[in-house]
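Source file structure-v8.pdb; content: PDB, C-alpha atoms.
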ATOM      1  CA  MET A   1      78.034 136.956  50.746  1.00  0.00           C
ATOM      2  CA  GLU A   2      76.134 135.517  53.706  1.00  0.00           C
ATOM      3  CA  GLU A   3      73.534 132.780  53.987  1.00  0.00           C
ATOM      4  CA  LYS A   4      71.636 132.275  57.268  1.00  0.00           C
ATOM      5  CA  GLY A   5      74.465 133.741  59.336  1.00  0.00           C
ATOM      6  CA  LEU A   6      77.172 131.921  57.345  1.00  0.00           C
ATOM      7  CA  LYS A   7      79.812 134.180  55.832  1.00  0.00           C
ATOM      8  CA  PHE A   8      81.207 132.778  52.605  1.00  0.00           C
ATOM      9  CA  MET A   9      84.916 133.148  52.002  1.00  0.00           C
ATOM     10  CA  LYS A  10      87.051 132.463  48.958  1.00  0.00           C
ATOM     11  CA  TYR A  11      89.821 129.846  49.042  1.00  0.00           C
ATOM     12  CA  ILE A  12      92.620 128.991  46.616  1.00  0.00           C
ATOM     13  CA  ILE A  13      93.570 125.298  46.579  1.00  0.00           C
ATOM     14  CA  ALA A  14      96.710 123.844  45.006  1.00  0.00           C
ATOM     15  CA  SER A  15      98.815 120.707  45.089  1.00  0.00           C
ATOM     16  CA  ASP A  16     102.069 119.273  43.861  1.00  0.00           C
ATOM     17  CA  ILE A  17     104.210 122.391  43.491  1.00  0.00           C
ATOM     18  CA  HIS A  18     107.325 120.178  43.568  1.00  0.00           C
ATOM     19  CA  GLY A  19     109.818 123.013  44.055  1.00  0.00           C
ATOM     20  CA  SER A  20     108.898 125.078  40.986  1.00  0.00           C
ATOM     21  CA  ALA A  21     109.562 128.735  41.732  1.00  0.00           C
ATOM     22  CA  TYR A  22     107.964 129.690  38.400  1.00  0.00           C
ATOM     23  CA  TYR A  23     104.608 128.078  39.218  1.00  0.00           C
ATOM     24  CA  THR A  24     104.731 129.132  42.875  1.00  0.00           C
ATOM     25  CA  GLU A  25     105.096 132.749  41.751  1.00  0.00           C
ATOM     26  CA  LEU A  26     102.119 132.328  39.397  1.00  0.00           C
ATOM     27  CA  LEU A  27     100.083 130.749  42.194  1.00  0.00           C
ATOM     28  CA  ALA A  28     101.002 133.552  44.614  1.00  0.00           C
ATOM     29  CA  LYS A  29      99.933 136.099  41.994  1.00  0.00           C
ATOM     30  CA  LYS A  30      96.564 134.332  41.528  1.00  0.00           C
ATOM     31  CA  PHE A  31      96.129 134.227  45.308  1.00  0.00           C
ATOM     32  CA  GLU A  32      96.857 137.953  45.634  1.00  0.00           C
ATOM     33  CA  GLN A  33      94.541 138.894  42.761  1.00  0.00           C
ATOM     34  CA  SER A  34      91.674 136.657  43.896  1.00  0.00           C
ATOM     35  CA  GLY A  35      91.019 138.245  47.262  1.00  0.00           C
ATOM     36  CA  ALA A  36      90.936 134.745  48.790  1.00  0.00           C
ATOM     37  CA  GLU A  37      91.215 134.424  52.552  1.00  0.00           C
ATOM     38  CA  LYS A  38      93.265 131.216  52.650  1.00  0.00           C
ATOM     39  CA  LEU A  39      95.614 129.194  50.465  1.00  0.00           C
ATOM     40  CA  ILE A  40      95.148 125.448  50.948  1.00  0.00           C
ATOM     41  CA  LEU A  41      98.134 123.330  49.895  1.00  0.00           C
ATOM     42  CA  LEU A  42      97.700 119.587  49.443  1.00  0.00           C
ATOM     43  CA  GLY A  43     101.332 118.521  49.756  1.00  0.00           C
ATOM     44  CA  ASP A  44     104.502 117.926  47.729  1.00  0.00           C
ATOM     45  CA  LEU A  45     105.686 121.475  48.095  1.00  0.00           C
ATOM     46  CA  LEU A  46     109.475 121.553  47.778  1.00  0.00           C
ATOM     47  CA  TYR A  47     110.857 118.429  46.098  1.00  0.00           C
ATOM     48  CA  HIS A  48     110.158 116.771  42.784  1.00  0.00           C
ATOM     49  CA  GLY A  49     110.612 113.159  43.931  1.00  0.00           C
ATOM     50  CA  PRO A  50     112.504 110.399  42.098  1.00  0.00           C
ATOM     51  CA  ARG A  51     109.664 109.564  39.676  1.00  0.00           C
ATOM     52  CA  ASN A  52     109.174 113.097  38.363  1.00  0.00           C
ATOM     53  CA  ASP A  53     111.286 115.178  36.038  1.00  0.00           C
ATOM     54  CA  LEU A  54     112.434 118.531  37.367  1.00  0.00           C
ATOM     55  CA  PRO A  55     109.678 121.111  37.003  1.00  0.00           C
ATOM     56  CA  LYS A  56     110.196 124.464  35.326  1.00  0.00           C
ATOM     57  CA  ASP A  57     112.472 126.761  37.382  1.00  0.00           C
ATOM     58  CA  TYR A  58     113.173 124.174  40.081  1.00  0.00           C
ATOM     59  CA  ALA A  59     114.289 126.263  43.062  1.00  0.00           C
ATOM     60  CA  PRO A  60     113.010 124.952  46.435  1.00  0.00           C
ATOM     61  CA  LYS A  61     114.713 127.760  48.396  1.00  0.00           C
ATOM     62  CA  ARG A  62     112.792 130.334  46.352  1.00  0.00           C
ATOM     63  CA  VAL A  63     109.551 128.376  46.902  1.00  0.00           C
ATOM     64  CA  ILE A  64     110.204 128.489  50.669  1.00  0.00           C
ATOM     65  CA  GLU A  65     110.689 132.257  50.491  1.00  0.00           C
ATOM     66  CA  ILE A  66     107.477 132.780  48.503  1.00  0.00           C
ATOM     67  CA  LEU A  67     105.265 130.491  50.604  1.00  0.00           C
ATOM     68  CA  ASN A  68     106.554 131.770  53.966  1.00  0.00           C
ATOM     69  CA  LYS A  69     105.232 135.231  53.049  1.00  0.00           C
ATOM     70  CA  TYR A  70     101.738 133.727  53.345  1.00  0.00           C
ATOM     71  CA  LYS A  71     102.362 131.699  56.525  1.00  0.00           C
ATOM     72  CA  LYS A  72      99.273 133.051  58.315  1.00  0.00           C
ATOM     73  CA  GLN A  73      97.042 132.341  55.330  1.00  0.00           C
ATOM     74  CA  ILE A  74      98.140 128.775  54.518  1.00  0.00           C
ATOM     75  CA  TYR A  75      96.516 125.507  55.528  1.00  0.00           C
ATOM     76  CA  ALA A  76      98.603 122.517  54.414  1.00  0.00           C
ATOM     77  CA  VAL A  77      98.909 118.739  54.599  1.00  0.00           C
ATOM     78  CA  ARG A  78     101.959 116.523  54.072  1.00  0.00           C
ATOM     79  CA  GLY A  79     102.676 114.936  50.710  1.00  0.00           C
ATOM     80  CA  ASN A  80     104.790 111.866  50.030  1.00  0.00           C
ATOM     81  CA  CYS A  81     107.705 114.094  48.932  1.00  0.00           C
ATOM     82  CA  ASP A  82     107.497 116.294  52.061  1.00  0.00           C
ATOM     83  CA  ALA A  83     109.793 115.536  55.016  1.00  0.00           C
ATOM     84  CA  GLU A  84     110.516 116.731  58.540  1.00  0.00           C
ATOM     85  CA  VAL A  85     113.434 118.771  57.225  1.00  0.00           C
ATOM     86  CA  ASP A  86     110.937 120.721  55.072  1.00  0.00           C
ATOM     87  CA  GLN A  87     109.011 121.644  58.205  1.00  0.00           C
ATOM     88  CA  MET A  88     112.216 123.145  59.607  1.00  0.00           C
ATOM     89  CA  VAL A  89     112.286 125.766  56.825  1.00  0.00           C
ATOM     90  CA  LEU A  90     108.564 126.385  56.330  1.00  0.00           C
ATOM     91  CA  ASP A  91     106.850 128.754  58.774  1.00  0.00           C
ATOM     92  CA  PHE A  92     103.459 126.999  58.616  1.00  0.00           C
ATOM     93  CA  PRO A  93     102.574 123.404  59.601  1.00  0.00           C
ATOM     94  CA  ILE A  94     102.768 120.755  56.848  1.00  0.00           C
ATOM     95  CA  MET A  95     103.157 117.433  58.670  1.00  0.00           C
ATOM     96  CA  SER A  96      99.514 116.337  59.015  1.00  0.00           C
ATOM     97  CA  ASP A  97      98.468 113.308  56.925  1.00  0.00           C
ATOM     98  CA  TYR A  98      94.983 114.793  56.712  1.00  0.00           C
ATOM     99  CA  SER A  99      93.058 117.761  58.046  1.00  0.00           C
ATOM    100  CA  VAL A 100      89.397 118.604  58.424  1.00  0.00           C
ATOM    101  CA  TYR A 101      88.174 122.073  57.494  1.00  0.00           C
ATOM    102  CA  VAL A 102      84.696 123.568  57.428  1.00  0.00           C
ATOM    103  CA  LEU A 103      84.733 125.913  54.454  1.00  0.00           C
ATOM    104  CA  ASN A 104      81.599 127.882  53.603  1.00  0.00           C
ATOM    105  CA  GLY A 105      79.528 125.477  55.710  1.00  0.00           C
ATOM    106  CA  ILE A 106      80.892 122.367  53.948  1.00  0.00           C
ATOM    107  CA  THR A 107      83.148 119.788  55.638  1.00  0.00           C
ATOM    108  CA  PHE A 108      86.345 119.165  53.666  1.00  0.00           C
ATOM    109  CA  ILE A 109      88.713 116.318  54.491  1.00  0.00           C
ATOM    110  CA  ALA A 110      92.042 117.279  52.925  1.00  0.00           C
ATOM    111  CA  SER A 111      94.849 114.814  52.289  1.00  0.00           C
ATOM    112  CA  HIS A 112      97.664 114.502  49.798  1.00  0.00           C
ATOM    113  CA  GLY A 113      96.384 111.213  48.402  1.00  0.00           C
ATOM    114  CA  HIS A 114      99.246 108.805  49.055  1.00  0.00           C
ATOM    115  CA  ILE A 115      97.762 107.493  52.326  1.00  0.00           C
ATOM    116  CA  TYR A 116      94.094 108.384  51.951  1.00  0.00           C
ATOM    117  CA  SER A 117      92.604 108.372  48.475  1.00  0.00           C
ATOM    118  CA  PRO A 118      89.218 107.893  46.788  1.00  0.00           C
ATOM    119  CA  GLU A 119      89.912 104.141  47.077  1.00  0.00           C
ATOM    120  CA  ASN A 120      90.925 104.431  50.767  1.00  0.00           C
ATOM    121  CA  LEU A 121      88.880 107.261  52.265  1.00  0.00           C
ATOM    122  CA  PRO A 122      89.476 108.661  55.750  1.00  0.00           C
ATOM    123  CA  PRO A 123      86.406 108.824  58.016  1.00  0.00           C
ATOM    124  CA  ILE A 124      83.882 110.768  55.927  1.00  0.00           C
ATOM    125  CA  ASN A 125      80.118 111.246  55.869  1.00  0.00           C
ATOM    126  CA  LYS A 126      77.635 111.652  53.034  1.00  0.00           C
ATOM    127  CA  GLY A 127      77.602 115.180  51.674  1.00  0.00           C
ATOM    128  CA  GLU A 128      81.181 115.872  52.755  1.00  0.00           C
ATOM    129  CA  VAL A 129      84.172 116.543  50.511  1.00  0.00           C
ATOM    130  CA  PHE A 130      87.370 114.553  50.093  1.00  0.00           C
ATOM    131  CA  ILE A 131      90.011 116.754  48.514  1.00  0.00           C
ATOM    132  CA  PHE A 132      93.427 115.445  47.568  1.00  0.00           C
ATOM    133  CA  GLY A 133      96.427 115.868  45.269  1.00  0.00           C
ATOM    134  CA  HIS A 134      99.113 113.273  44.432  1.00  0.00           C
ATOM    135  CA  ILE A 135      97.762 111.986  41.091  1.00  0.00           C
ATOM    136  CA  HIS A 136      98.445 115.267  39.223  1.00  0.00           C
ATOM    137  CA  LEU A 137      95.012 115.095  37.543  1.00  0.00           C
ATOM    138  CA  PRO A 138      92.075 117.493  37.987  1.00  0.00           C
ATOM    139  CA  VAL A 139      88.984 115.812  39.475  1.00  0.00           C
ATOM    140  CA  ALA A 140      85.577 117.288  40.369  1.00  0.00           C
ATOM    141  CA  LYS A 141      82.815 114.723  40.851  1.00  0.00           C
ATOM    142  CA  ARG A 142      80.173 113.396  43.210  1.00  0.00           C
ATOM    143  CA  GLU A 143      80.371 109.689  43.912  1.00  0.00           C
ATOM    144  CA  ASN A 144      78.263 107.704  46.407  1.00  0.00           C
ATOM    145  CA  GLU A 145      77.011 110.972  47.928  1.00  0.00           C
ATOM    146  CA  ILE A 146      80.599 112.148  48.614  1.00  0.00           C
ATOM    147  CA  TYR A 147      82.336 114.891  46.666  1.00  0.00           C
ATOM    148  CA  ILE A 148      85.775 113.948  45.298  1.00  0.00           C
ATOM    149  CA  LEU A 149      88.018 116.866  44.313  1.00  0.00           C
ATOM    150  CA  ASN A 150      91.582 117.311  43.094  1.00  0.00           C
ATOM    151  CA  PRO A 151      92.964 120.654  41.828  1.00  0.00           C
ATOM    152  CA  GLY A 152      95.487 118.883  39.575  1.00  0.00           C
ATOM    153  CA  SER A 153      99.184 119.688  39.719  1.00  0.00           C
ATOM    154  CA  THR A 154     100.559 123.195  39.896  1.00  0.00           C
ATOM    155  CA  SER A 155     103.830 122.259  38.184  1.00  0.00           C
ATOM    156  CA  ILE A 156     103.896 118.686  36.818  1.00  0.00           C
ATOM    157  CA  PRO A 157     100.437 117.935  35.391  1.00  0.00           C
ATOM    158  CA  LYS A 158      99.583 114.582  33.850  1.00  0.00           C
ATOM    159  CA  GLY A 159      97.100 113.374  31.267  1.00  0.00           C
ATOM    160  CA  GLY A 160      97.665 116.277  28.887  1.00  0.00           C
ATOM    161  CA  ASN A 161      96.263 118.764  31.407  1.00  0.00           C
ATOM    162  CA  PRO A 162      97.763 122.215  31.956  1.00  0.00           C
ATOM    163  CA  PRO A 163      99.275 123.279  35.278  1.00  0.00           C
ATOM    164  CA  SER A 164      96.269 124.042  37.479  1.00  0.00           C
ATOM    165  CA  TYR A 165      94.834 125.247  40.766  1.00  0.00           C
ATOM    166  CA  ALA A 166      91.305 125.535  42.165  1.00  0.00           C
ATOM    167  CA  VAL A 167      89.064 128.169  43.684  1.00  0.00           C
ATOM    168  CA  LEU A 168      86.292 127.542  46.196  1.00  0.00           C
ATOM    169  CA  ASP A 169      83.971 130.530  45.914  1.00  0.00           C
ATOM    170  CA  GLU A 170      80.776 130.295  47.932  1.00  0.00           C
ATOM    171  CA  ARG A 171      79.590 126.749  47.086  1.00  0.00           C
ATOM    172  CA  LYS A 172      81.323 126.371  43.736  1.00  0.00           C
ATOM    173  CA  PHE A 173      84.627 124.564  43.141  1.00  0.00           C
ATOM    174  CA  THR A 174      86.372 125.553  39.916  1.00  0.00           C
ATOM    175  CA  ILE A 175      89.668 124.221  38.567  1.00  0.00           C
ATOM    176  CA  TYR A 176      91.556 126.750  36.447  1.00  0.00           C
ATOM    177  CA  SER A 177      94.588 126.629  34.204  1.00  0.00           C
ATOM    178  CA  LEU A 178      97.439 128.387  35.979  1.00  0.00           C
ATOM    179  CA  GLU A 179      98.894 129.837  32.768  1.00  0.00           C
ATOM    180  CA  ASN A 180      95.838 130.490  30.577  1.00  0.00           C
ATOM    181  CA  GLU A 181      93.886 133.243  32.304  1.00  0.00           C
ATOM    182  CA  GLY A 182      90.250 132.293  32.899  1.00  0.00           C
ATOM    183  CA  GLU A 183      90.482 128.819  31.310  1.00  0.00           C
ATOM    184  CA  VAL A 184      88.165 126.521  33.291  1.00  0.00           C
ATOM    185  CA  ILE A 185      89.209 122.867  33.368  1.00  0.00           C
ATOM    186  CA  LYS A 186      86.430 121.486  35.585  1.00  0.00           C
ATOM    187  CA  GLU A 187      83.837 122.800  37.976  1.00  0.00           C
ATOM    188  CA  LEU A 188      81.318 121.474  40.455  1.00  0.00           C
ATOM    189  CA  GLU A 189      78.640 123.106  42.609  1.00  0.00           C
ATOM    190  CA  PHE A 190      77.760 121.727  46.011  1.00  0.00           C
ATOM    191  CA  ALA A 191      74.102 120.945  46.741  1.00  0.00           C
TER     192      ALA A 191
END

Rewrite the structure from the file as structure tokens, please.
Amino acid sequence: MEEKGLKFMKYIIASDIHGSAYYTELLAKKFEQSGAEKLILLGDLLYHGPRNDLPKDYAPKRVIEILNKYKKQIYAVRGNCDAEVDQMVLDFPIMSDYSVYVLNGITFIASHGHIYSPENLPPINKGEVFIFGHIHLPVAKRENEIYILNPGSTSIPKGGNPPSYAVLDERKFTIYSLENEGEVIKELEFA
């Protein structure tokens, strides 16, 4: 779809994979089926970290293999469990603390959430979007004229939520359950 010369694209957004080959394979399948142009990863890709239990089918080497297949379609930022050694095995850049993307005419500031968070925002303007991971909880809200979004955790969700990911389609952000086909957890439309 186009609006005043702007071509809308579809994006899949996920965070906190934490080395789960099982959930990475599900995410890759959703990405393939969706027809999305890009896969945006909000950090914590390969390791579970000392505070988390091992996720289902913990196999970082398999996660590397799966994600590297999409190296030209991935935008990513660094999570608190990501390290320089991870960059040595991943074929796409992951070491940025935050990145700025213009997606479907909307400015998104993407960060993992351990440095910049809703309580400590990076430089951001009214009407823009702060999107982050780290807390393993789905969030879709507008606060003080800024959109705050979190796709939840792909593999280690908290708060009784299912494993999840998000889709940006035109000007609508929808968080879906990764395992329950079509189950919407939260959604938000941009003005």

Expected selection from the PyMOL selection byres ((chain A and resi 25) around 12), given as an mmCIF file with C-alpha atoms, keeping the file's coordinate frame:
data_model
loop_
_atom_site.group_PDB
_atom_site.id
_atom_site.type_symbol
_atom_site.label_atom_id
_atom_site.label_comp_id
_atom_site.auth_asym_id
_atom_site.auth_seq_id
_atom_site.Cartn_x
_atom_site.Cartn_y
_atom_site.Cartn_z
ATOM 1 C CA ILE A 17 104.210 122.391 43.491
ATOM 2 C CA GLY A 19 109.818 123.013 44.055
ATOM 3 C CA SER A 20 108.898 125.078 40.986
ATOM 4 C CA ALA A 21 109.562 128.735 41.732
ATOM 5 C CA TYR A 22 107.964 129.690 38.400
ATOM 6 C CA TYR A 23 104.608 128.078 39.218
ATOM 7 C CA THR A 24 104.731 129.132 42.875
ATOM 8 C CA LEU A 26 102.119 132.328 39.397
ATOM 9 C CA LEU A 27 100.083 130.749 42.194
ATOM 10 C CA ALA A 28 101.002 133.552 44.614
ATOM 11 C CA LYS A 29 99.933 136.099 41.994
ATOM 12 C CA LYS A 30 96.564 134.332 41.528
ATOM 13 C CA PHE A 31 96.129 134.227 45.308
ATOM 14 C CA GLU A 32 96.857 137.953 45.634
ATOM 15 C CA LYS A 56 110.196 124.464 35.326
ATOM 16 C CA ASP A 57 112.472 126.761 37.382
ATOM 17 C CA TYR A 58 113.173 124.174 40.081
ATOM 18 C CA ALA A 59 114.289 126.263 43.062
ATOM 19 C CA ARG A 62 112.792 130.334 46.352
ATOM 20 C CA VAL A 63 109.551 128.376 46.902
ATOM 21 C CA ILE A 64 110.204 128.489 50.669
ATOM 22 C CA GLU A 65 110.689 132.257 50.491
ATOM 23 C CA ILE A 66 107.477 132.780 48.503
ATOM 24 C CA LEU A 67 105.265 130.491 50.604
ATOM 25 C CA LYS A 69 105.232 135.231 53.049
ATOM 26 C CA THR A 154 100.559 123.195 39.896
ATOM 27 C CA SER A 155 103.830 122.259 38.184
ATOM 28 C CA LEU A 178 97.439 128.387 35.979
ATOM 29 C CA GLU A 179 98.894 129.837 32.768
#

When you look at Asp97 (chain A) with a cut-off of 10 Å (counting all atoms listed in the file), what residues show up, excluding the ones that are within fewer than 5 positions of it in the same chain? I need them as a list in words. Leu42, Gly43, Ala76, Val77, Arg78, Gly79, Asn80, Ala110, Ser111, His112, Gly113, His114, Ile115 and Tyr116 of chain A

Dump as a ChimeraX atom specification all residues having an atom at most 7 Å from (91.1, 115.9, 38.0), computed in the file's coordinates with only C-alpha atoms. /A:137-140,150-152

Near His136 (chain A), within 6 Å and counting only C-alpha atoms, which residues show up once chain neighbours fewer than 2 positions away are dropped, as a CSV table (one decimal) with C-alpha atoms, in the coordinates of the input?
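And here's part-v7.csv as it stands now:
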chain,number,residue,atom,x,y,z
A,134,HIS,CA,99.1,113.3,44.4
A,152,GLY,CA,95.5,118.9,39.6
A,153,SER,CA,99.2,119.7,39.7
A,157,PRO,CA,100.4,117.9,35.4
A,158,LYS,CA,99.6,114.6,33.8

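Every protein or nucleic acid residue with an atom no more than 9 Å from Phe108 (chain A), counting only C-alpha atoms and leaving out same-chain residues fewer than 6 positions away, appears here: Ser99, Val100, Tyr101, Val102, Glu128, Val129, Phe130 and Ile131 of chain A.
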
Axis-aligned box for region 150-166 of chain A, 8 Å per side, centre and edges in Å as lines of an AutoDock Vina configuration file:
center_x = 97.6
center_y = 119.5
center_z = 36.0
size_x = 28.6
size_y = 28.2
size_z = 30.2

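As for CA of Glu183 (chain A) and CA of Gly159 (chain A), they are spaced 16.8 Å apart.
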
So, counting all atoms listed in the file, which residue among A:Leu46, A:Leu149, A:Ala14, A:Leu41 is closest to Tyr98 (chain A)? A:Leu41

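Picked out by the PyMOL selection byres ((chain A and resi 104) around 12) when it runs on this file: Met1, Glu2, Glu3, Lys4, Gly5, Leu6, Lys7, Phe8, Met9, Lys10, Tyr11, Glu37, Tyr101, Val102, Leu103, Gly105, Ile106, Thr107, Phe108, Leu168, Asp169, Glu170, Arg171, Lys172, Phe173 and Phe190 of chain A.
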
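Candidate residues A:Ile146, A:Leu90, A:Ala36, A:Ile185 were compared for distance to Tyr165 (chain A), and the nearest is A:Ile185, using all atoms listed in the file.
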
For a test of reading the model, state the distance in Å between CA of Ser96 (chain A) and CA of Ile156 (chain A), rounded to one decimal. 22.7 Å

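Our summary of the geometry notes that CA of Asn180 (chain A) is positioned 9.5 Å from CA of Ser164 (chain A).
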